[in-house]
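Take a look at the structure below.
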Amino acid sequence: MNLKELLKDGAAELGVELNDEAIRLLWVFKDFLKEYNKKVNLTAIRDDEGIVVKHFLDCLTVLPHLDCGAVIDIGTGPGFPGIIIKIVRPELKLTLVDARAKKVKFLEAAAALLGLEIECIHARAEDLGARFAQFDYAVSRAVAQMDILAGWCLPFVAPGGKFIAMKGPNFMEELAGARTAIKRAGGKVAEIIELTLPNSDIARSLIIIRKNVS
Ligand code: SAH
C-alpha cells in the first residue's frame, strides 16, 4: 500500500474522511516539515511513514471530537495537532501557541505556504491570560503531565467547552494525580477514549475534560 492510501484508509478507520485537497496539503506540509527539519530541529520523526502514522494519524484521532468553533492548541511544536486539524477542517478557527520562537517561525511559514489562516502565538500558556475563556476547545499533545496541563489549558476554554488531552496508554496514574488540578481549574472528566493507531500497535488515549458552566 502506498503512503497516501495508508493515510486515507487509516483516517477512515478513525472516522475521518480525507478529501483530495486535504491529502494534497498534508503532503505539502510533510515535505516542508522534512526540509525545514534539516536546518532546525522540530521533530525526531523524520521518515515519511513515521510522519504519516505517528504524527498525522495520531493528530487525526482528535477530529471526531471537535464540533465547530474556535480551537487553541497549547504547546503545538511544529503544529501537532493544530495544523493537521486546520488542514482537514478549515472551517474551524485555529490558534497555535508555543513557547519556542523557532517553532512559531516555522508555523507562520507553514501557514503561509498552505494558504491557511491560522493565528500563531509565541508565548508561554501561563502568560496568555488575555485569551482566557475564549475557546470552544483546547487541545494539547505531548506537552506536560496532566496536572500541569489542566492548569495551563482549561483557563482558555469557555464554560461548556472542552479540553482534550492527547495522551499515551499509561494515562491512569497521571490522571489520578491530576483530579485536584482539574477540579480547581473548573473542569470535569467527561470521557476517556482509548485507541490504537491504524497500521501500528501504538496505543493512544484522549482525555476529554468539560469546563463547568457555572
Ligand atoms: N504538540 C507537539 C509538540 C510537543 S513538544 C507534538 O505533539 O509534537 C512540547 C512543546 O510544548 C514544545 O514545542 C515546547 O516549546 C512547548 N511548550 C512547553 N511548555 C510550554 C508552555 N508553558 N507554553 C507554551 N508552550 C510550551
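Naming scheme: A, B, ... for chains in displayed order of the C-alpha cells; residues 1 onward per chain; ligands 1 onward as shown.
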So that each row is one residue of chain A with an atom at most 10 Å from ligand 1, can you give its shortest atom pair and the distance in Å to one decimal, using only C-alpha atoms and all ligand atoms, rows by chain and rising number, as a tab-separated table?
```
residue	atom	partner	partner_atom_place_in_ligand_line	distance
A:Leu42	CA	ligand 1	13 (O)	8.0
A:Thr43	CA	ligand 1	8 (O)	7.1
A:Ala44	CA	ligand 1	8 (O)	9.4
A:Ile45	CA	ligand 1	8 (O)	9.5
A:Lys54	CA	ligand 1	8 (O)	9.4
A:His55	CA	ligand 1	8 (O)	7.1
A:Asp58	CA	ligand 1	7 (O)	9.0
A:Cys59	CA	ligand 1	7 (O)	8.0
A:Asp73	CA	ligand 1	1 (N)	7.7
A:Ile74	CA	ligand 1	24 (C)	5.7
A:Gly75	CA	ligand 1	11 (O)	3.4
A:Thr76	CA	ligand 1	1 (N)	3.9
A:Gly77	CA	ligand 1	13 (O)	3.5
A:Pro78	CA	ligand 1	2 (C)	6.3
A:Gly79	CA	ligand 1	2 (C)	6.4
A:Phe80	CA	ligand 1	6 (C)	4.6
A:Pro81	CA	ligand 1	1 (N)	6.3
A:Gly82	CA	ligand 1	1 (N)	8.2
A:Leu96	CA	ligand 1	24 (C)	9.2
A:Val97	CA	ligand 1	24 (C)	5.7
A:Asp98	CA	ligand 1	25 (N)	3.8
A:Ala99	CA	ligand 1	25 (N)	4.0
A:Arg100	CA	ligand 1	15 (O)	4.6
A:Ala101	CA	ligand 1	15 (O)	8.3
A:Lys102	CA	ligand 1	15 (O)	9.0
A:Lys103	CA	ligand 1	13 (O)	6.6
A:Val104	CA	ligand 1	13 (O)	8.9
A:Ile121	CA	ligand 1	24 (C)	9.1
A:His122	CA	ligand 1	24 (C)	7.8
A:Ala123	CA	ligand 1	24 (C)	5.9
A:Arg124	CA	ligand 1	23 (N)	3.4
A:Ala125	CA	ligand 1	23 (N)	3.9
A:Glu126	CA	ligand 1	22 (N)	6.1
A:Asp127	CA	ligand 1	23 (N)	8.1
A:Leu128	CA	ligand 1	23 (N)	9.0
A:Val139	CA	ligand 1	1 (N)	8.9
A:Ser140	CA	ligand 1	1 (N)	6.0
A:Arg141	CA	ligand 1	7 (O)	4.3
A:Ala142	CA	ligand 1	4 (C)	4.7
A:Val143	CA	ligand 1	9 (C)	4.2
A:Ala144	CA	ligand 1	19 (N)	7.2
A:Ile148	CA	ligand 1	22 (N)	9.1
A:Leu149	CA	ligand 1	22 (N)	8.7
A:Trp152	CA	ligand 1	22 (N)	7.1
A:Cys153	CA	ligand 1	23 (N)	9.4
A:Met166	CA	ligand 1	7 (O)	8.3
A:Lys167	CA	ligand 1	7 (O)	9.6
```
Write a file of the just-selected residues containing N, CA and C atoms, as a compact mmCIF listing (two decimals), in the first residue's frame.
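Result file result.txt:
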```
# COMPACT_ATOMS: atom_id res chain seq x y z
N LEU A 42 12.89 20.19 14.72
CA LEU A 42 11.47 20.34 15.08
C LEU A 42 10.88 19.02 15.56
N THR A 43 11.32 17.92 14.98
CA THR A 43 10.80 16.60 15.36
C THR A 43 11.87 15.53 15.12
N ALA A 44 11.85 14.51 16.00
CA ALA A 44 12.80 13.42 15.85
C ALA A 44 12.31 12.41 14.81
N ILE A 45 11.04 12.51 14.46
CA ILE A 45 10.48 11.59 13.45
C ILE A 45 10.71 12.21 12.08
N LYS A 54 2.79 8.31 12.98
CA LYS A 54 2.98 8.77 14.36
C LYS A 54 2.58 10.22 14.57
N HIS A 55 2.63 11.02 13.50
CA HIS A 55 2.17 12.41 13.64
C HIS A 55 0.77 12.59 13.04
N ASP A 58 -2.06 10.14 14.28
CA ASP A 58 -2.25 10.41 15.70
C ASP A 58 -3.03 11.72 15.89
N CYS A 59 -2.64 12.75 15.16
CA CYS A 59 -3.34 14.04 15.29
C CYS A 59 -4.80 13.94 14.85
N ASP A 73 -4.43 25.28 20.41
CA ASP A 73 -3.51 24.15 20.59
C ASP A 73 -2.32 24.66 21.41
N ILE A 74 -2.21 24.15 22.63
CA ILE A 74 -1.17 24.62 23.56
C ILE A 74 0.08 23.74 23.44
N GLY A 75 1.23 24.38 23.20
CA GLY A 75 2.48 23.62 23.02
C GLY A 75 2.43 22.83 21.73
N THR A 76 2.06 23.50 20.66
CA THR A 76 1.83 22.84 19.36
C THR A 76 3.11 22.33 18.70
N GLY A 77 4.27 22.83 19.13
CA GLY A 77 5.53 22.42 18.49
C GLY A 77 5.46 22.76 17.01
N PRO A 78 5.74 21.78 16.14
CA PRO A 78 5.65 22.08 14.69
C PRO A 78 4.22 21.97 14.14
N GLY A 79 3.21 22.13 15.01
CA GLY A 79 1.83 22.18 14.51
C GLY A 79 1.01 20.92 14.75
N PHE A 80 1.39 20.18 15.78
CA PHE A 80 0.66 18.94 16.10
C PHE A 80 -0.11 19.07 17.40
N PRO A 81 -1.42 18.94 17.39
CA PRO A 81 -2.25 18.59 16.25
C PRO A 81 -2.80 19.77 15.44
N GLY A 82 -2.50 21.02 15.84
CA GLY A 82 -3.20 22.19 15.28
C GLY A 82 -3.22 22.32 13.77
N LEU A 96 -2.58 28.66 17.53
CA LEU A 96 -1.47 27.79 17.95
C LEU A 96 -0.57 28.56 18.90
N VAL A 97 -0.18 27.91 19.98
CA VAL A 97 0.69 28.57 20.96
C VAL A 97 1.92 27.71 21.19
N ASP A 98 3.09 28.35 21.16
CA ASP A 98 4.30 27.64 21.58
C ASP A 98 5.28 28.61 22.23
N ALA A 99 6.00 28.08 23.21
CA ALA A 99 6.94 28.92 23.96
C ALA A 99 8.24 29.15 23.21
N ARG A 100 8.51 28.37 22.16
CA ARG A 100 9.77 28.47 21.43
C ARG A 100 9.61 29.26 20.14
N ALA A 101 10.41 30.33 20.01
CA ALA A 101 10.31 31.23 18.85
C ALA A 101 10.56 30.48 17.53
N LYS A 102 11.52 29.56 17.53
CA LYS A 102 11.87 28.88 16.27
C LYS A 102 10.69 28.04 15.76
N LYS A 103 9.89 27.53 16.69
CA LYS A 103 8.73 26.73 16.28
C LYS A 103 7.65 27.64 15.71
N VAL A 104 7.45 28.79 16.34
CA VAL A 104 6.42 29.72 15.87
C VAL A 104 6.79 30.28 14.49
N ILE A 121 0.92 32.13 18.03
CA ILE A 121 1.34 32.98 19.14
C ILE A 121 2.59 32.42 19.81
N HIS A 122 3.59 33.29 19.94
CA HIS A 122 4.81 32.92 20.65
C HIS A 122 4.66 33.36 22.10
N ALA A 123 4.35 32.42 22.97
CA ALA A 123 4.17 32.76 24.40
C ALA A 123 4.13 31.47 25.20
N ARG A 124 4.33 31.62 26.48
CA ARG A 124 4.04 30.51 27.38
C ARG A 124 2.56 30.56 27.70
N ALA A 125 1.93 29.43 27.78
CA ALA A 125 0.48 29.37 28.01
C ALA A 125 0.09 30.17 29.25
N GLU A 126 0.91 30.07 30.28
CA GLU A 126 0.58 30.73 31.56
C GLU A 126 0.54 32.25 31.43
N ASP A 127 1.15 32.79 30.38
CA ASP A 127 1.23 34.25 30.24
C ASP A 127 0.17 34.81 29.30
N LEU A 128 -0.80 34.00 28.94
CA LEU A 128 -1.77 34.43 27.92
C LEU A 128 -3.15 34.70 28.51
N VAL A 139 -6.71 21.92 22.92
CA VAL A 139 -6.11 20.60 22.69
C VAL A 139 -4.62 20.69 23.00
N SER A 140 -4.04 19.56 23.36
CA SER A 140 -2.61 19.56 23.65
C SER A 140 -2.08 18.13 23.55
N ARG A 141 -0.93 18.01 22.88
CA ARG A 141 -0.34 16.69 22.70
C ARG A 141 1.13 16.71 23.11
N ALA A 142 1.50 15.78 23.98
CA ALA A 142 2.90 15.57 24.36
C ALA A 142 3.57 16.82 24.92
N VAL A 143 2.88 17.51 25.83
CA VAL A 143 3.43 18.76 26.34
C VAL A 143 3.81 18.67 27.81
N ALA A 144 2.93 18.18 28.66
CA ALA A 144 3.23 18.14 30.10
C ALA A 144 2.35 17.11 30.78
N ILE A 148 -0.33 19.57 35.45
CA ILE A 148 0.18 20.86 34.97
C ILE A 148 -0.63 21.31 33.76
N LEU A 149 -0.86 20.37 32.87
CA LEU A 149 -1.58 20.65 31.63
C LEU A 149 -2.98 21.20 31.88
N TRP A 152 -2.76 24.76 32.67
CA TRP A 152 -2.40 25.58 31.51
C TRP A 152 -3.55 25.72 30.52
N CYS A 153 -4.26 24.61 30.28
CA CYS A 153 -5.22 24.57 29.15
C CYS A 153 -6.65 24.94 29.53
N MET A 166 -4.21 14.77 24.59
CA MET A 166 -3.85 13.61 23.76
C MET A 166 -2.69 12.90 24.45
N LYS A 167 -2.98 11.70 24.94
CA LYS A 167 -2.02 11.00 25.78
C LYS A 167 -1.71 9.61 25.25
```
Item to check | Nearby residues (only C-alpha atoms) at most 12 Å from segment 196-203 of chain A, same-chain spacing under 3 positions excluded, as a VMD selection string | outcome: chain A and resid 1 3 5 to 15 49 to 50 52 to 62 166 to 171 193 206
Export of the given selection (C-alpha atoms) as a PDB file, in the first residue's frame:
```pdb
ATOM      1  CA  MET A   1       0.000   0.000   0.000  1.00  0.00           C
ATOM      2  CA  LEU A   3       1.574   6.035   1.929  1.00  0.00           C
ATOM      3  CA  GLU A   5      -3.584   5.189   0.728  1.00  0.00           C
ATOM      4  CA  LEU A   6      -2.314   4.261   4.179  1.00  0.00           C
ATOM      5  CA  LEU A   7      -3.166   7.771   5.346  1.00  0.00           C
ATOM      6  CA  LYS A   8      -6.589   7.845   3.716  1.00  0.00           C
ATOM      7  CA  ASP A   9      -7.575   4.358   4.907  1.00  0.00           C
ATOM      8  CA  GLY A  10      -6.141   4.979   8.364  1.00  0.00           C
ATOM      9  CA  ALA A  11      -8.088   8.224   8.648  1.00  0.00           C
ATOM     10  CA  ALA A  12     -11.291   6.468   7.573  1.00  0.00           C
ATOM     11  CA  GLU A  13     -10.657   3.871  10.275  1.00  0.00           C
ATOM     12  CA  LEU A  14     -10.543   6.745  12.768  1.00  0.00           C
ATOM     13  CA  GLY A  15     -13.800   8.146  11.400  1.00  0.00           C
ATOM     14  CA  GLU A  49       5.872   6.629   7.212  1.00  0.00           C
ATOM     15  CA  GLY A  50       6.728   7.832  10.719  1.00  0.00           C
ATOM     16  CA  VAL A  52       2.173   9.841   8.432  1.00  0.00           C
ATOM     17  CA  VAL A  53       1.437   7.320  11.199  1.00  0.00           C
ATOM     18  CA  LYS A  54       2.979   8.766  14.365  1.00  0.00           C
ATOM     19  CA  HIS A  55       2.165  12.407  13.635  1.00  0.00           C
ATOM     20  CA  PHE A  56      -0.656  12.711  11.090  1.00  0.00           C
ATOM     21  CA  LEU A  57      -2.847   9.743  12.029  1.00  0.00           C
ATOM     22  CA  ASP A  58      -2.251  10.412  15.701  1.00  0.00           C
ATOM     23  CA  CYS A  59      -3.342  14.042  15.288  1.00  0.00           C
ATOM     24  CA  LEU A  60      -6.441  12.980  13.352  1.00  0.00           C
ATOM     25  CA  THR A  61      -7.729  10.988  16.344  1.00  0.00           C
ATOM     26  CA  VAL A  62      -8.967  14.206  17.932  1.00  0.00           C
ATOM     27  CA  MET A 166      -3.847  13.611  23.762  1.00  0.00           C
ATOM     28  CA  LYS A 167      -2.016  11.003  25.780  1.00  0.00           C
ATOM     29  CA  GLY A 168      -0.426   7.579  25.581  1.00  0.00           C
ATOM     30  CA  PRO A 169      -1.643   4.322  27.098  1.00  0.00           C
ATOM     31  CA  ASN A 170      -0.434   4.975  30.657  1.00  0.00           C
ATOM     32  CA  PHE A 171      -2.710   7.862  31.467  1.00  0.00           C
ATOM     33  CA  ILE A 193     -11.159   7.229  24.719  1.00  0.00           C
ATOM     34  CA  LEU A 206      -7.885  11.071  24.561  1.00  0.00           C
TER      35      LEU A 206
END
```
Next on the checklist: From a backbone DSSP assignment, name each residue in segment 67-203 of chain A labelled alpha helix (DSSP H), as a ChimeraX atom specification.
Outcome noted: /A:82-88,101-114,146-153,171-176,179-184
Mind writing the picked residues with C-alpha atoms as a compact mmCIF listing (two decimals), in the first residue's frame?
```txt
# COMPACT_ATOMS: atom_id res chain seq x y z
CA GLY A 82 -3.20 22.19 15.28
CA ILE A 83 -2.01 22.38 11.67
CA ILE A 84 -3.43 18.95 10.90
CA ILE A 85 -6.80 19.96 12.37
CA LYS A 86 -6.87 23.12 10.26
CA ILE A 87 -5.91 21.31 7.03
CA VAL A 88 -8.72 18.79 7.41
CA ALA A 101 10.31 31.23 18.85
CA LYS A 102 11.87 28.88 16.27
CA LYS A 103 8.73 26.73 16.28
CA VAL A 104 6.42 29.72 15.87
CA LYS A 105 8.53 30.95 12.95
CA PHE A 106 8.08 27.55 11.31
CA LEU A 107 4.32 27.62 11.99
CA GLU A 108 3.95 31.03 10.36
CA ALA A 109 5.90 29.90 7.30
CA ALA A 110 3.86 26.68 7.08
CA ALA A 111 0.52 28.51 7.37
CA ALA A 112 1.56 30.91 4.58
CA LEU A 113 2.71 28.05 2.36
CA LEU A 114 -0.54 26.13 2.91
CA MET A 146 -1.92 16.09 33.21
CA ASP A 147 -1.95 18.09 36.47
CA ILE A 148 0.18 20.86 34.97
CA LEU A 149 -1.58 20.65 31.63
CA ALA A 150 -5.02 21.11 33.19
CA GLY A 151 -3.83 24.35 34.81
CA TRP A 152 -2.40 25.58 31.51
CA CYS A 153 -5.22 24.57 29.15
CA PHE A 171 -2.71 7.86 31.47
CA MET A 172 -4.48 6.38 34.52
CA GLU A 173 -1.88 7.23 37.12
CA GLU A 174 -1.28 10.64 35.60
CA LEU A 175 -4.99 11.36 35.59
CA ALA A 176 -5.43 10.21 39.18
CA ARG A 179 -8.01 15.21 39.77
CA THR A 180 -7.49 18.13 42.15
CA ALA A 181 -5.89 20.33 39.48
CA ILE A 182 -8.74 19.59 37.05
CA LYS A 183 -11.37 20.43 39.66
CA ARG A 184 -9.54 23.60 40.70
```
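Going from atom CA of Val189 of chain A to atom CA of Lys211 of chain A covers 9.0 Å.
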Item to check | Backbone-only DSSP, strand (DSSP E or B) members of segment 25-214 of chain A, as a PyMOL selection string | outcome: chain A and resi 70-74+93-98+119-122+135-141+157-167+187-196+203-211
Expected file contents, prior selection, N, CA and C atoms, as a compact mmCIF listing (two decimals), in the first residue's frame:
```
# COMPACT_ATOMS: atom_id res chain seq x y z
N ALA A 70 -13.94 27.67 17.86
CA ALA A 70 -12.54 28.08 17.97
C ALA A 70 -11.76 27.06 18.81
N VAL A 71 -10.56 26.75 18.31
CA VAL A 71 -9.71 25.73 18.95
C VAL A 71 -8.35 26.36 19.25
N ILE A 72 -7.83 26.12 20.44
CA ILE A 72 -6.47 26.56 20.75
C ILE A 72 -5.61 25.32 21.02
N ASP A 73 -4.43 25.28 20.41
CA ASP A 73 -3.51 24.15 20.59
C ASP A 73 -2.32 24.66 21.41
N ILE A 74 -2.21 24.15 22.63
CA ILE A 74 -1.17 24.62 23.56
C ILE A 74 0.08 23.74 23.44
N LYS A 93 -11.67 27.68 13.62
CA LYS A 93 -10.77 28.80 13.84
C LYS A 93 -9.62 28.28 14.72
N LEU A 94 -8.39 28.39 14.23
CA LEU A 94 -7.28 27.77 14.95
C LEU A 94 -6.30 28.79 15.52
N THR A 95 -5.93 28.60 16.78
CA THR A 95 -4.88 29.39 17.41
C THR A 95 -3.82 28.42 17.91
N LEU A 96 -2.58 28.66 17.53
CA LEU A 96 -1.47 27.79 17.95
C LEU A 96 -0.57 28.56 18.90
N VAL A 97 -0.18 27.91 19.98
CA VAL A 97 0.69 28.57 20.96
C VAL A 97 1.92 27.71 21.19
N ASP A 98 3.09 28.35 21.16
CA ASP A 98 4.30 27.64 21.58
C ASP A 98 5.28 28.61 22.23
N GLU A 119 -3.84 31.61 13.57
CA GLU A 119 -3.19 32.54 14.48
C GLU A 119 -2.05 31.80 15.20
N CYS A 120 -0.84 32.33 15.09
CA CYS A 120 0.32 31.69 15.71
C CYS A 120 0.86 32.62 16.80
N ILE A 121 0.92 32.13 18.03
CA ILE A 121 1.34 32.98 19.14
C ILE A 121 2.59 32.42 19.81
N HIS A 122 3.59 33.29 19.94
CA HIS A 122 4.81 32.92 20.65
C HIS A 122 4.66 33.36 22.10
N PHE A 135 -12.31 30.04 24.04
CA PHE A 135 -12.25 28.95 23.06
C PHE A 135 -13.27 27.84 23.35
N ASP A 136 -13.77 27.25 22.28
CA ASP A 136 -14.68 26.11 22.43
C ASP A 136 -13.90 24.86 22.82
N TYR A 137 -12.65 24.80 22.33
CA TYR A 137 -11.80 23.64 22.63
C TYR A 137 -10.35 24.09 22.87
N ALA A 138 -9.71 23.41 23.84
CA ALA A 138 -8.25 23.48 23.94
C ALA A 138 -7.77 22.06 23.70
N VAL A 139 -6.71 21.92 22.92
CA VAL A 139 -6.11 20.60 22.69
C VAL A 139 -4.62 20.69 23.00
N SER A 140 -4.04 19.56 23.36
CA SER A 140 -2.61 19.56 23.65
C SER A 140 -2.08 18.13 23.55
N ARG A 141 -0.93 18.01 22.88
CA ARG A 141 -0.34 16.69 22.70
C ARG A 141 1.13 16.71 23.11
N VAL A 157 -10.62 27.61 27.95
CA VAL A 157 -11.89 27.06 27.49
C VAL A 157 -13.06 27.84 28.07
N ALA A 158 -14.01 28.19 27.21
CA ALA A 158 -15.23 28.87 27.66
C ALA A 158 -16.11 27.87 28.41
N PRO A 159 -16.98 28.36 29.31
CA PRO A 159 -17.88 27.44 30.01
C PRO A 159 -18.63 26.54 29.04
N GLY A 160 -18.67 25.25 29.33
CA GLY A 160 -19.35 24.30 28.45
C GLY A 160 -18.45 23.74 27.35
N GLY A 161 -17.27 24.35 27.18
CA GLY A 161 -16.33 23.87 26.17
C GLY A 161 -15.50 22.70 26.70
N LYS A 162 -14.55 22.25 25.90
CA LYS A 162 -13.79 21.06 26.28
C LYS A 162 -12.29 21.22 26.12
N PHE A 163 -11.56 20.60 27.00
CA PHE A 163 -10.11 20.46 26.85
C PHE A 163 -9.84 18.99 26.54
N ILE A 164 -9.16 18.74 25.44
CA ILE A 164 -8.85 17.35 25.06
C ILE A 164 -7.34 17.14 25.13
N ALA A 165 -6.93 16.31 26.08
CA ALA A 165 -5.50 15.98 26.23
C ALA A 165 -5.22 14.70 25.45
N MET A 166 -4.21 14.77 24.59
CA MET A 166 -3.85 13.61 23.76
C MET A 166 -2.69 12.90 24.45
N LYS A 167 -2.98 11.70 24.94
CA LYS A 167 -2.02 11.00 25.78
C LYS A 167 -1.71 9.61 25.25
N GLY A 187 -12.88 22.06 35.77
CA GLY A 187 -13.17 21.02 34.78
C GLY A 187 -13.65 19.72 35.39
N LYS A 188 -14.19 18.88 34.54
CA LYS A 188 -14.66 17.56 34.98
C LYS A 188 -14.39 16.56 33.86
N VAL A 189 -13.81 15.42 34.17
CA VAL A 189 -13.53 14.43 33.12
C VAL A 189 -14.86 13.93 32.55
N ALA A 190 -15.05 14.11 31.25
CA ALA A 190 -16.31 13.75 30.62
C ALA A 190 -16.22 12.40 29.93
N GLU A 191 -15.06 12.13 29.36
CA GLU A 191 -14.93 10.90 28.57
C GLU A 191 -13.45 10.55 28.41
N ILE A 192 -13.17 9.25 28.39
CA ILE A 192 -11.80 8.80 28.09
C ILE A 192 -11.89 7.82 26.94
N ILE A 193 -11.12 8.10 25.90
CA ILE A 193 -11.16 7.23 24.72
C ILE A 193 -9.80 6.58 24.53
N GLU A 194 -9.79 5.26 24.43
CA GLU A 194 -8.53 4.56 24.19
C GLU A 194 -8.56 4.01 22.78
N LEU A 195 -7.48 4.17 22.05
CA LEU A 195 -7.45 3.67 20.68
C LEU A 195 -6.05 3.23 20.28
N THR A 196 -6.00 2.48 19.19
CA THR A 196 -4.73 2.05 18.62
C THR A 196 -4.60 2.72 17.26
N ALA A 203 -0.59 2.51 21.08
CA ALA A 203 -1.80 2.80 21.86
C ALA A 203 -1.83 4.28 22.25
N ARG A 204 -2.98 4.89 22.11
CA ARG A 204 -3.14 6.32 22.43
C ARG A 204 -4.41 6.51 23.23
N SER A 205 -4.54 7.66 23.84
CA SER A 205 -5.77 7.95 24.56
C SER A 205 -6.12 9.42 24.44
N LEU A 206 -7.40 9.69 24.55
CA LEU A 206 -7.89 11.07 24.56
C LEU A 206 -8.63 11.26 25.87
N ILE A 207 -8.18 12.23 26.65
CA ILE A 207 -8.86 12.54 27.91
C ILE A 207 -9.69 13.81 27.65
N ILE A 208 -10.99 13.66 27.68
CA ILE A 208 -11.86 14.80 27.35
C ILE A 208 -12.42 15.39 28.64
N ILE A 209 -12.08 16.65 28.88
CA ILE A 209 -12.47 17.32 30.12
C ILE A 209 -13.40 18.48 29.79
N ARG A 210 -14.55 18.51 30.43
CA ARG A 210 -15.53 19.54 30.16
C ARG A 210 -15.37 20.68 31.17
N LYS A 211 -15.44 21.89 30.65
CA LYS A 211 -15.35 23.06 31.55
C LYS A 211 -16.74 23.34 32.11
```
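Between atom CA of Asp31 of chain A and atom CA of Leu63 of chain A there is a distance of 22.5 Å.
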Checklist outcome for this item: note - atom CA of Val213 of chain A and atom CA of Phe156 of chain A are separated by 13.6 Å
